[in-house]
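What's in structure09.tsv: TSV, C-alpha atoms and all ligand atoms
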```
chain	number	residue	atom	x	y	z
A	19	MET	CA	0.00	0.00	0.00
A	20	ARG	CA	1.26	3.46	-0.87
A	21	LYS	CA	1.00	5.83	2.09
A	22	LYS	CA	-0.47	9.10	0.88
A	23	LEU	CA	1.49	12.33	1.21
A	24	ILE	CA	-0.40	15.57	1.79
A	25	ALA	CA	1.88	18.53	1.12
A	26	ALA	CA	1.49	22.28	1.67
A	27	ASN	CA	3.18	24.60	-0.82
A	28	TRP	CA	3.15	28.03	0.84
A	29	LYS	CA	4.81	29.69	-2.16
A	30	MET	CA	6.00	33.25	-1.31
A	31	TYR	CA	3.73	33.64	1.70
A	32	LYS	CA	4.42	33.81	5.47
A	33	THR	CA	7.24	35.40	7.42
A	34	PRO	CA	8.97	33.17	10.02
A	35	SER	CA	6.62	34.37	12.77
A	36	GLU	CA	3.54	33.76	10.59
A	37	ALA	CA	4.89	30.32	9.72
A	38	LEU	CA	5.43	29.57	13.40
A	39	ASN	CA	1.87	30.68	14.23
A	40	PHE	CA	0.58	28.31	11.56
A	41	VAL	CA	2.55	25.36	12.94
A	42	GLU	CA	1.48	26.08	16.53
A	43	ALA	CA	-2.16	25.99	15.46
A	44	PHE	CA	-1.80	23.14	12.98
A	45	LEU	CA	0.07	20.48	15.00
A	46	PRO	CA	-2.75	19.93	17.52
A	47	LEU	CA	-5.26	19.60	14.65
A	48	VAL	CA	-3.35	16.66	13.13
A	49	ALA	CA	-1.87	15.16	16.32
A	50	GLY	CA	-1.97	11.36	16.12
A	51	HIS	CA	-2.78	11.37	12.39
A	52	THR	CA	-0.74	8.48	11.02
A	53	ARG	CA	-2.82	7.39	8.02
A	54	ASP	CA	-1.02	9.87	5.75
A	55	GLU	CA	2.33	11.63	5.65
A	56	ILE	CA	2.18	15.40	6.01
A	57	ALA	CA	4.81	17.87	4.76
A	58	LEU	CA	5.06	21.66	4.82
A	59	PHE	CA	7.01	23.64	2.21
A	60	PRO	CA	7.61	27.14	3.61
A	61	SER	CA	9.75	29.82	2.01
A	62	ILE	CA	13.48	29.45	2.59
A	63	THR	CA	13.55	32.11	5.33
A	64	SER	CA	10.91	30.25	7.37
A	65	LEU	CA	12.25	26.76	6.74
A	66	PRO	CA	14.61	26.47	9.78
A	67	THR	CA	11.89	27.84	12.10
A	68	VAL	CA	9.35	25.32	10.79
A	69	ILE	CA	11.83	22.43	10.91
A	70	HIS	CA	12.69	23.23	14.52
A	71	ARG	CA	9.03	23.41	15.57
A	72	VAL	CA	7.84	20.21	13.81
A	73	ARG	CA	10.78	18.11	15.05
A	74	GLY	CA	9.46	14.98	16.79
A	75	SER	CA	5.96	15.42	15.33
A	76	ASN	CA	4.15	13.66	12.48
A	77	VAL	CA	4.84	16.60	10.16
A	78	ALA	CA	7.88	16.95	7.88
A	79	ALA	CA	9.30	20.07	6.25
A	80	GLY	CA	11.04	20.75	2.97
A	81	ALA	CA	12.12	23.46	0.56
A	82	GLN	CA	10.29	24.85	-2.45
A	83	SER	CA	13.31	24.59	-4.74
A	84	MET	CA	17.04	23.91	-4.79
A	85	HIS	CA	20.11	24.23	-7.00
A	86	TRP	CA	21.74	21.15	-8.51
A	87	ALA	CA	25.32	22.01	-7.46
A	88	ASP	CA	26.57	21.30	-3.94
A	89	GLU	CA	28.09	24.77	-3.70
A	90	GLY	CA	29.42	27.46	-6.01
A	91	ALA	CA	28.99	30.93	-7.43
A	92	TYR	CA	25.19	30.79	-7.72
A	93	THR	CA	23.92	33.93	-6.04
A	94	GLY	CA	20.54	33.53	-4.41
A	95	HIS	CA	20.40	29.74	-4.57
A	96	THR	CA	20.38	26.92	-2.02
A	97	SER	CA	21.92	23.46	-2.44
A	98	ALA	CA	20.80	20.04	-1.28
A	99	THR	CA	23.78	20.01	1.11
A	100	MET	CA	22.49	23.20	2.73
A	101	LEU	CA	18.93	21.89	2.94
A	102	THR	CA	19.91	18.64	4.62
A	103	ALA	CA	22.23	20.56	6.98
A	104	VAL	CA	19.21	22.41	8.42
A	105	GLY	CA	17.15	19.21	8.61
A	106	ALA	CA	14.95	19.48	5.51
A	107	THR	CA	13.74	16.09	4.26
A	108	HIS	CA	11.79	16.99	1.11
A	109	VAL	CA	12.12	19.39	-1.82
A	110	LEU	CA	9.80	20.57	-4.62
A	111	ILE	CA	11.40	20.43	-8.05
A	112	GLY	CA	10.04	21.74	-11.35
A	113	HIS	CA	6.97	23.57	-10.03
A	114	SER	CA	5.16	25.18	-12.96
A	115	GLU	CA	5.74	28.64	-11.47
A	116	ASN	CA	9.50	27.97	-11.56
A	117	ARG	CA	9.19	26.57	-15.09
A	118	GLN	CA	7.34	29.75	-16.08
A	119	TYR	CA	9.30	32.46	-14.24
A	120	ASP	CA	12.72	31.02	-13.35
A	121	ASN	CA	13.86	29.27	-16.51
A	122	GLU	CA	13.44	25.84	-14.91
A	123	THR	CA	14.15	23.56	-17.87
A	124	ASP	CA	13.87	19.77	-18.02
A	125	GLU	CA	17.69	19.58	-18.09
A	126	ARG	CA	18.02	21.57	-14.87
A	127	ILE	CA	15.18	19.63	-13.28
A	128	ASN	CA	16.99	16.42	-14.17
A	129	LEU	CA	20.18	17.58	-12.41
A	130	LYS	CA	18.19	18.71	-9.38
A	131	VAL	CA	16.29	15.42	-9.02
A	132	LYS	CA	19.58	13.50	-9.13
A	133	SER	CA	21.24	15.84	-6.63
A	134	ALA	CA	18.26	15.70	-4.25
A	135	LEU	CA	18.19	11.90	-4.28
A	136	SER	CA	21.93	11.56	-3.84
A	137	HIS	CA	21.70	13.73	-0.71
A	138	GLY	CA	18.85	11.70	0.74
A	139	LEU	CA	16.13	14.27	0.10
A	140	ILE	CA	12.68	13.20	-1.15
A	141	PRO	CA	12.03	15.15	-4.36
A	142	LEU	CA	8.48	16.03	-5.40
A	143	LEU	CA	8.87	16.33	-9.15
A	144	CYS	CA	6.10	18.53	-10.57
A	145	VAL	CA	4.73	17.94	-14.06
A	146	GLY	CA	1.64	19.26	-15.80
A	147	GLU	CA	0.13	20.45	-19.04
A	148	GLN	CA	-1.17	23.89	-20.03
A	149	LYS	CA	-4.84	24.42	-20.81
A	150	ASP	CA	-4.39	24.61	-24.60
A	151	GLU	CA	-2.27	21.44	-24.53
A	152	ARG	CA	-5.10	19.54	-22.81
A	153	GLN	CA	-7.68	21.04	-25.15
A	154	CYS	CA	-5.87	19.86	-28.24
A	155	GLY	CA	-5.22	16.36	-26.88
A	156	LYS	CA	-1.52	16.78	-26.16
A	157	THR	CA	-1.59	16.03	-22.41
A	158	GLU	CA	0.08	12.64	-22.70
A	159	ASP	CA	2.82	13.90	-25.03
A	160	VAL	CA	3.59	16.82	-22.72
A	161	LEU	CA	3.73	14.71	-19.55
A	162	VAL	CA	5.79	11.94	-21.16
A	163	SER	CA	8.24	14.52	-22.47
A	164	GLN	CA	8.54	16.25	-19.07
A	165	LEU	CA	9.06	12.89	-17.34
A	166	ALA	CA	11.60	11.72	-19.91
A	167	GLY	CA	13.56	14.96	-19.57
A	168	ALA	CA	13.46	15.00	-15.80
A	169	LEU	CA	14.33	11.34	-15.39
A	170	ALA	CA	17.00	10.85	-18.08
A	171	GLY	CA	19.80	8.69	-16.63
A	172	PHE	CA	17.78	8.41	-13.44
A	173	PRO	CA	19.22	6.05	-10.77
A	174	LYS	CA	16.52	3.35	-10.65
A	175	GLU	CA	17.60	2.19	-7.19
A	176	HIS	CA	16.23	5.47	-5.80
A	177	ALA	CA	12.93	5.31	-7.70
A	178	ASP	CA	10.80	4.36	-4.71
A	179	ARG	CA	11.79	7.65	-3.01
A	180	LEU	CA	10.81	9.83	-5.94
A	181	VAL	CA	7.37	11.45	-5.69
A	182	ILE	CA	5.62	12.80	-8.79
A	183	ALA	CA	3.21	15.71	-8.41
A	184	TYR	CA	0.80	15.94	-11.34
A	185	GLU	CA	-0.33	19.56	-11.45
A	186	PRO	CA	-2.31	20.63	-14.50
A	187	VAL	CA	-1.15	24.22	-14.93
A	188	TRP	CA	-4.70	25.42	-15.73
A	189	ALA	CA	-5.84	24.20	-12.29
A	190	ILE	CA	-3.13	25.87	-10.18
A	191	GLY	CA	-4.47	28.82	-8.23
A	192	THR	CA	-7.45	29.15	-10.57
A	193	GLY	CA	-10.19	27.44	-8.59
A	194	LEU	CA	-10.53	24.99	-11.51
A	195	THR	CA	-9.87	21.39	-10.56
A	196	ALA	CA	-9.45	18.32	-12.71
A	197	THR	CA	-12.43	16.06	-12.07
A	198	PRO	CA	-11.52	13.00	-10.00
A	199	GLU	CA	-12.05	10.88	-13.15
A	200	THR	CA	-9.76	13.04	-15.32
A	201	ALA	CA	-7.11	13.18	-12.60
A	202	GLU	CA	-7.28	9.40	-12.06
A	203	GLU	CA	-7.02	8.72	-15.79
A	204	THR	CA	-3.95	10.98	-16.02
A	205	HIS	CA	-2.32	9.46	-12.92
A	206	LEU	CA	-2.81	5.99	-14.36
A	207	MET	CA	-1.22	7.12	-17.61
A	208	ILE	CA	1.77	8.51	-15.67
A	209	ARG	CA	2.14	5.29	-13.67
A	210	THR	CA	1.96	3.18	-16.82
A	211	HIS	CA	4.70	5.31	-18.35
A	212	LEU	CA	6.84	5.01	-15.20
A	213	GLU	CA	6.33	1.24	-15.19
A	214	LYS	CA	7.50	1.00	-18.79
A	215	HIS	CA	10.72	2.83	-17.94
A	216	LEU	CA	11.43	1.91	-14.33
A	217	GLY	CA	9.66	-1.44	-13.94
A	218	ASP	CA	7.57	-2.72	-11.03
A	219	VAL	CA	8.86	-0.03	-8.67
A	220	ALA	CA	6.34	2.29	-10.38
A	221	ASN	CA	3.67	0.64	-8.24
A	222	GLU	CA	5.45	1.86	-5.10
A	223	MET	CA	5.89	5.42	-6.36
A	224	ARG	CA	3.53	8.09	-5.15
A	225	ILE	CA	1.80	10.33	-7.65
A	226	LEU	CA	0.21	13.38	-6.00
A	227	TYR	CA	-2.47	15.59	-7.51
A	228	GLY	CA	-2.18	19.38	-7.29
A	229	GLY	CA	-4.43	22.14	-8.59
A	230	SER	CA	-7.03	23.92	-6.46
A	231	VAL	CA	-7.40	21.08	-3.94
A	232	LYS	CA	-9.78	22.30	-1.20
A	233	PRO	CA	-11.45	20.72	1.82
A	234	ASP	CA	-14.61	20.12	-0.22
A	235	ASN	CA	-13.01	18.31	-3.18
A	236	ALA	CA	-10.13	16.53	-1.40
A	237	SER	CA	-12.02	13.37	-0.56
A	238	ALA	CA	-13.28	12.69	-4.10
A	239	LEU	CA	-9.76	13.18	-5.49
A	240	LEU	CA	-7.86	11.33	-2.78
A	241	ASN	CA	-10.13	8.30	-2.92
A	242	GLN	CA	-9.07	7.54	-6.49
A	243	PRO	CA	-6.83	4.46	-6.63
A	244	ASN	CA	-3.89	6.14	-8.37
A	245	ILE	CA	-3.97	9.44	-6.49
A	246	ASP	CA	-1.47	9.05	-3.69
A	247	GLY	CA	-1.75	12.43	-2.06
A	248	ALA	CA	-2.09	16.12	-2.78
A	249	LEU	CA	0.12	19.15	-3.27
A	250	VAL	CA	-1.92	22.06	-1.97
A	251	GLY	CA	-1.24	25.77	-2.51
A	252	GLY	CA	-3.89	28.32	-1.53
A	253	ALA	CA	-5.90	26.03	0.75
A	254	SER	CA	-2.78	25.12	2.75
A	255	LEU	CA	-2.24	28.63	4.08
A	256	LYS	CA	-4.76	28.31	6.92
A	257	PRO	CA	-4.29	25.60	9.56
A	258	ASP	CA	-7.96	24.52	9.71
A	259	SER	CA	-8.31	24.35	5.94
A	260	PHE	CA	-5.12	22.31	5.46
A	261	ALA	CA	-6.01	20.06	8.42
A	262	ALA	CA	-9.41	19.39	6.83
A	263	ILE	CA	-7.66	18.30	3.64
A	264	VAL	CA	-5.26	16.06	5.59
A	265	LYS	CA	-8.29	14.41	7.23
A	266	TYR	CA	-10.28	14.18	3.95
A	301	LIG	C1	0.50	24.59	-6.08
A	301	LIG	O1	1.00	25.69	-5.89
A	301	LIG	O2	1.24	23.63	-6.22
A	301	LIG	C2	-0.95	24.49	-6.14
A	301	LIG	C3	-1.47	23.34	-6.48
A	301	LIG	O3	-1.68	25.62	-5.84
A	301	LIG	P1	-3.28	25.71	-5.62
A	301	LIG	O4	-3.66	24.60	-4.66
A	301	LIG	O5	-3.50	27.06	-5.03
A	301	LIG	O6	-3.92	25.52	-6.95
```

As structure tokens - that is how I would like this structure written.
Amino acid sequence: MRKKLIAANWKMYKTPSEALNFVEAFLPLVAGHTRDEIALFPSITSLPTVIHRVRGSNVAAGAQSMHWADEGAYTGHTSATMLTAVGATHVLIGHSENRQYDNETDERINLKVKSALSHGLIPLLCVGEQKDERQCGKTEDVLVSQLAGALAGFPKEHADRLVIAYEPVWAIGTGLTATPETAEETHLMIRTHLEKHLGDVANEMRILYGGSVKPDNASALLNQPNIDGALVGGASLKPDSFAAIVKY
């Protein structure tokens, strides 16, 4: 059985004290919740504060992005070595906002996934199609190409630690959600592709859905057989809303 992972992407929201207030309110709401894994992805300035406060709880914390190099002249960036040094366990890679605004190419994503895995981090590799790509029937081509680019030369022995987050770009922050049936169909297609390239381990890999997940649609999505969790943006910013999703 794949244990579901419910993840909060806070994007560029919350100062350290706001992040701490969230965690203080959130931990009691999910205390004793062991059915699913829970992870918070604060901004880099709040990450050490959140890591310190969730230590010993059922909640993990990770970064929203990372560089592929261990160190170097890369102003403004953070490496996997630095993330693990402060106790981060997870990292988002290839979020569509980074693909759109930060020149996050498949080649860079590929280097980052490999670096994250080699440092023991759990990468959440984000993939997803644009609205026009879905409308003209190109969803499968787009996802297969993103996966092929991101996973070229991928060390298969680490495959069970890799998490895929399927996030249709047209559903992120828009209030539009893929129907549970459409999401399930796409997740199954992704798993079939992973199986073809990585073998049976694809059945152990978690494929999360992201795109306007809210307390009122979480249950229908998360009860689909190939949806192994959720990556939640807007609805993860308030403790009660994110806790309701965790307890879908
Ligand atoms: C996201 O940022 O990954 C996301 C899915 O955002 P939202 O839930 O707001 O659509």

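Taking atom CA of A:Met19 and atom CA of A:Thr107 as the two end points, the separation is 21.6 Å.
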
Nearby residues, ligand LIG 301 (chain A), 7 Å, all atoms listed in the file, as a PDB file with C-alpha atoms, keeping the file's coordinate frame:
```pdb
ATOM      1  CA  ASN A  27       3.180  24.600  -0.820  1.00  0.00           C
ATOM      2  CA  LYS A  29       4.810  29.690  -2.160  1.00  0.00           C
ATOM      3  CA  HIS A 113       6.970  23.570 -10.030  1.00  0.00           C
ATOM      4  CA  GLU A 185      -0.330  19.560 -11.450  1.00  0.00           C
ATOM      5  CA  ALA A 189      -5.840  24.200 -12.290  1.00  0.00           C
ATOM      6  CA  ILE A 190      -3.130  25.870 -10.180  1.00  0.00           C
ATOM      7  CA  GLY A 191      -4.470  28.820  -8.230  1.00  0.00           C
ATOM      8  CA  THR A 192      -7.450  29.150 -10.570  1.00  0.00           C
ATOM      9  CA  GLY A 193     -10.190  27.440  -8.590  1.00  0.00           C
ATOM     10  CA  GLY A 228      -2.180  19.380  -7.290  1.00  0.00           C
ATOM     11  CA  GLY A 229      -4.430  22.140  -8.590  1.00  0.00           C
ATOM     12  CA  SER A 230      -7.030  23.920  -6.460  1.00  0.00           C
ATOM     13  CA  VAL A 231      -7.400  21.080  -3.940  1.00  0.00           C
ATOM     14  CA  LEU A 249       0.120  19.150  -3.270  1.00  0.00           C
ATOM     15  CA  VAL A 250      -1.920  22.060  -1.970  1.00  0.00           C
ATOM     16  CA  GLY A 251      -1.240  25.770  -2.510  1.00  0.00           C
ATOM     17  CA  GLY A 252      -3.890  28.320  -1.530  1.00  0.00           C
ATOM     18  CA  ALA A 253      -5.900  26.030   0.750  1.00  0.00           C
TER      19      ALA A 253
END
```

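Of the listed residues A:Phe59, A:Phe172, A:Tyr119, A:Tyr184, the one whose atoms come nearest to A:Asn244 is A:Tyr184, with distances taken using all atoms listed in the file.
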
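The shortest atom-to-atom distance to A:Glu151, with only C-alpha atoms taken into account, belongs to A:Val187 out of A:Ala166, A:Leu226, A:Leu139, A:Val187.
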
Neighbourhood query: residues within 6 Å of (-0.4, 13.7, 8.0), file coordinates, counting all atoms listed in the file; return as a PDB file with C-alpha atoms, in the frame of the given file.
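File written: result15.pdb
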```
ATOM      1  CA  HIS A  51      -2.780  11.370  12.390  1.00  0.00           C
ATOM      2  CA  ASP A  54      -1.020   9.870   5.750  1.00  0.00           C
ATOM      3  CA  GLU A  55       2.330  11.630   5.650  1.00  0.00           C
ATOM      4  CA  ILE A  56       2.180  15.400   6.010  1.00  0.00           C
ATOM      5  CA  VAL A 264      -5.260  16.060   5.590  1.00  0.00           C
TER       6      VAL A 264
END
```

Practice task
Rank nothing, just name the residue among A:Gly247, A:Asn76, A:Leu23, A:Asp120 nearest to A:Phe44, using all atoms listed in the file.
Solution key: A:Asn76

Handout entry: Nearest-residue call for A:Cys144, choices A:His176, A:Lys256, A:Arg117, A:Arg73, using only C-alpha atoms
Key =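 Result for the nearest residue to A:Cys144: A:Arg117.
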
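In this structure, atom CA of A:Gly167 sits 23.6 Å away from atom CA of A:Glu89.
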
Return stretch 229-240 of chain A, completed with all heavy atoms, as an mmCIF file, in the frame of the given file.
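Saved file selection_30.cif follows:
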```cif
data_model
loop_
_atom_site.group_PDB
_atom_site.id
_atom_site.type_symbol
_atom_site.label_atom_id
_atom_site.label_comp_id
_atom_site.auth_asym_id
_atom_site.auth_seq_id
_atom_site.Cartn_x
_atom_site.Cartn_y
_atom_site.Cartn_z
ATOM 1 N N GLY A 229 -3.663 21.222 -7.746
ATOM 2 C CA GLY A 229 -4.430 22.140 -8.590
ATOM 3 C C GLY A 229 -5.766 22.412 -7.948
ATOM 4 O O GLY A 229 -6.712 21.660 -8.130
ATOM 5 N N SER A 230 -5.796 23.495 -7.119
ATOM 6 C CA SER A 230 -7.030 23.920 -6.460
ATOM 7 C C SER A 230 -7.676 22.817 -5.617
ATOM 8 O O SER A 230 -8.905 22.667 -5.605
ATOM 9 C CB SER A 230 -8.012 24.481 -7.481
ATOM 10 O OG SER A 230 -7.459 25.631 -8.113
ATOM 11 N N VAL A 231 -6.844 22.035 -4.914
ATOM 12 C CA VAL A 231 -7.400 21.080 -3.940
ATOM 13 C C VAL A 231 -7.908 21.892 -2.744
ATOM 14 O O VAL A 231 -7.213 22.784 -2.246
ATOM 15 C CB VAL A 231 -6.348 20.051 -3.480
ATOM 16 C CG1 VAL A 231 -6.919 19.146 -2.388
ATOM 17 C CG2 VAL A 231 -5.867 19.218 -4.667
ATOM 18 N N LYS A 232 -9.132 21.587 -2.316
ATOM 19 C CA LYS A 232 -9.780 22.300 -1.200
ATOM 20 C C LYS A 232 -10.405 21.261 -0.281
ATOM 21 O O LYS A 232 -10.581 20.109 -0.687
ATOM 22 C CB LYS A 232 -10.903 23.209 -1.732
ATOM 23 C CG LYS A 232 -10.553 24.089 -2.911
ATOM 24 C CD LYS A 232 -9.949 25.412 -2.474
ATOM 25 C CE LYS A 232 -9.595 26.263 -3.678
ATOM 26 N NZ LYS A 232 -8.310 26.891 -3.646
ATOM 27 N N PRO A 233 -10.805 21.701 0.924
ATOM 28 C CA PRO A 233 -11.450 20.720 1.820
ATOM 29 C C PRO A 233 -12.652 20.030 1.173
ATOM 30 O O PRO A 233 -12.884 18.849 1.407
ATOM 31 C CB PRO A 233 -11.879 21.573 3.023
ATOM 32 C CG PRO A 233 -10.899 22.703 3.044
ATOM 33 C CD PRO A 233 -10.593 22.999 1.597
ATOM 34 N N ASP A 234 -13.393 20.746 0.314
ATOM 35 C CA ASP A 234 -14.610 20.120 -0.220
ATOM 36 C C ASP A 234 -14.395 19.228 -1.455
ATOM 37 O O ASP A 234 -15.304 18.527 -1.871
ATOM 38 C CB ASP A 234 -15.709 21.172 -0.486
ATOM 39 C CG ASP A 234 -15.267 22.194 -1.532
ATOM 40 O OD1 ASP A 234 -14.115 22.103 -2.002
ATOM 41 O OD2 ASP A 234 -16.078 23.070 -1.870
ATOM 42 N N ASN A 235 -13.211 19.252 -2.060
ATOM 43 C CA ASN A 235 -13.010 18.310 -3.180
ATOM 44 C C ASN A 235 -11.921 17.285 -2.888
ATOM 45 O O ASN A 235 -11.659 16.394 -3.703
ATOM 46 C CB ASN A 235 -12.708 19.075 -4.497
ATOM 47 C CG ASN A 235 -11.430 19.928 -4.412
ATOM 48 O OD1 ASN A 235 -10.560 19.678 -3.589
ATOM 49 N ND2 ASN A 235 -11.313 20.924 -5.281
ATOM 50 N N ALA A 236 -11.273 17.407 -1.713
ATOM 51 C CA ALA A 236 -10.130 16.530 -1.400
ATOM 52 C C ALA A 236 -10.525 15.058 -1.360
ATOM 53 O O ALA A 236 -9.826 14.202 -1.904
ATOM 54 C CB ALA A 236 -9.501 16.954 -0.073
ATOM 55 N N SER A 237 -11.653 14.768 -0.749
ATOM 56 C CA SER A 237 -12.020 13.370 -0.560
ATOM 57 C C SER A 237 -12.265 12.668 -1.894
ATOM 58 O O SER A 237 -11.767 11.554 -2.128
ATOM 59 C CB SER A 237 -13.259 13.335 0.346
ATOM 60 O OG SER A 237 -13.863 12.115 0.257
ATOM 61 N N ALA A 238 -12.994 13.321 -2.798
ATOM 62 C CA ALA A 238 -13.280 12.690 -4.100
ATOM 63 C C ALA A 238 -11.983 12.435 -4.869
ATOM 64 O O ALA A 238 -11.826 11.395 -5.520
ATOM 65 C CB ALA A 238 -14.210 13.581 -4.915
ATOM 66 N N LEU A 239 -11.035 13.359 -4.780
ATOM 67 C CA LEU A 239 -9.760 13.180 -5.490
ATOM 68 C C LEU A 239 -8.917 12.096 -4.816
ATOM 69 O O LEU A 239 -8.398 11.191 -5.467
ATOM 70 C CB LEU A 239 -8.993 14.505 -5.521
ATOM 71 C CG LEU A 239 -9.557 15.580 -6.458
ATOM 72 C CD1 LEU A 239 -9.067 16.972 -6.064
ATOM 73 C CD2 LEU A 239 -9.175 15.271 -7.913
ATOM 74 N N LEU A 240 -8.809 12.203 -3.496
ATOM 75 C CA LEU A 240 -7.860 11.330 -2.780
ATOM 76 C C LEU A 240 -8.370 9.891 -2.645
ATOM 77 O O LEU A 240 -7.607 9.003 -2.286
ATOM 78 C CB LEU A 240 -7.536 11.936 -1.424
ATOM 79 C CG LEU A 240 -6.621 13.163 -1.543
ATOM 80 C CD1 LEU A 240 -6.657 14.020 -0.287
ATOM 81 C CD2 LEU A 240 -5.195 12.730 -1.837
#
```
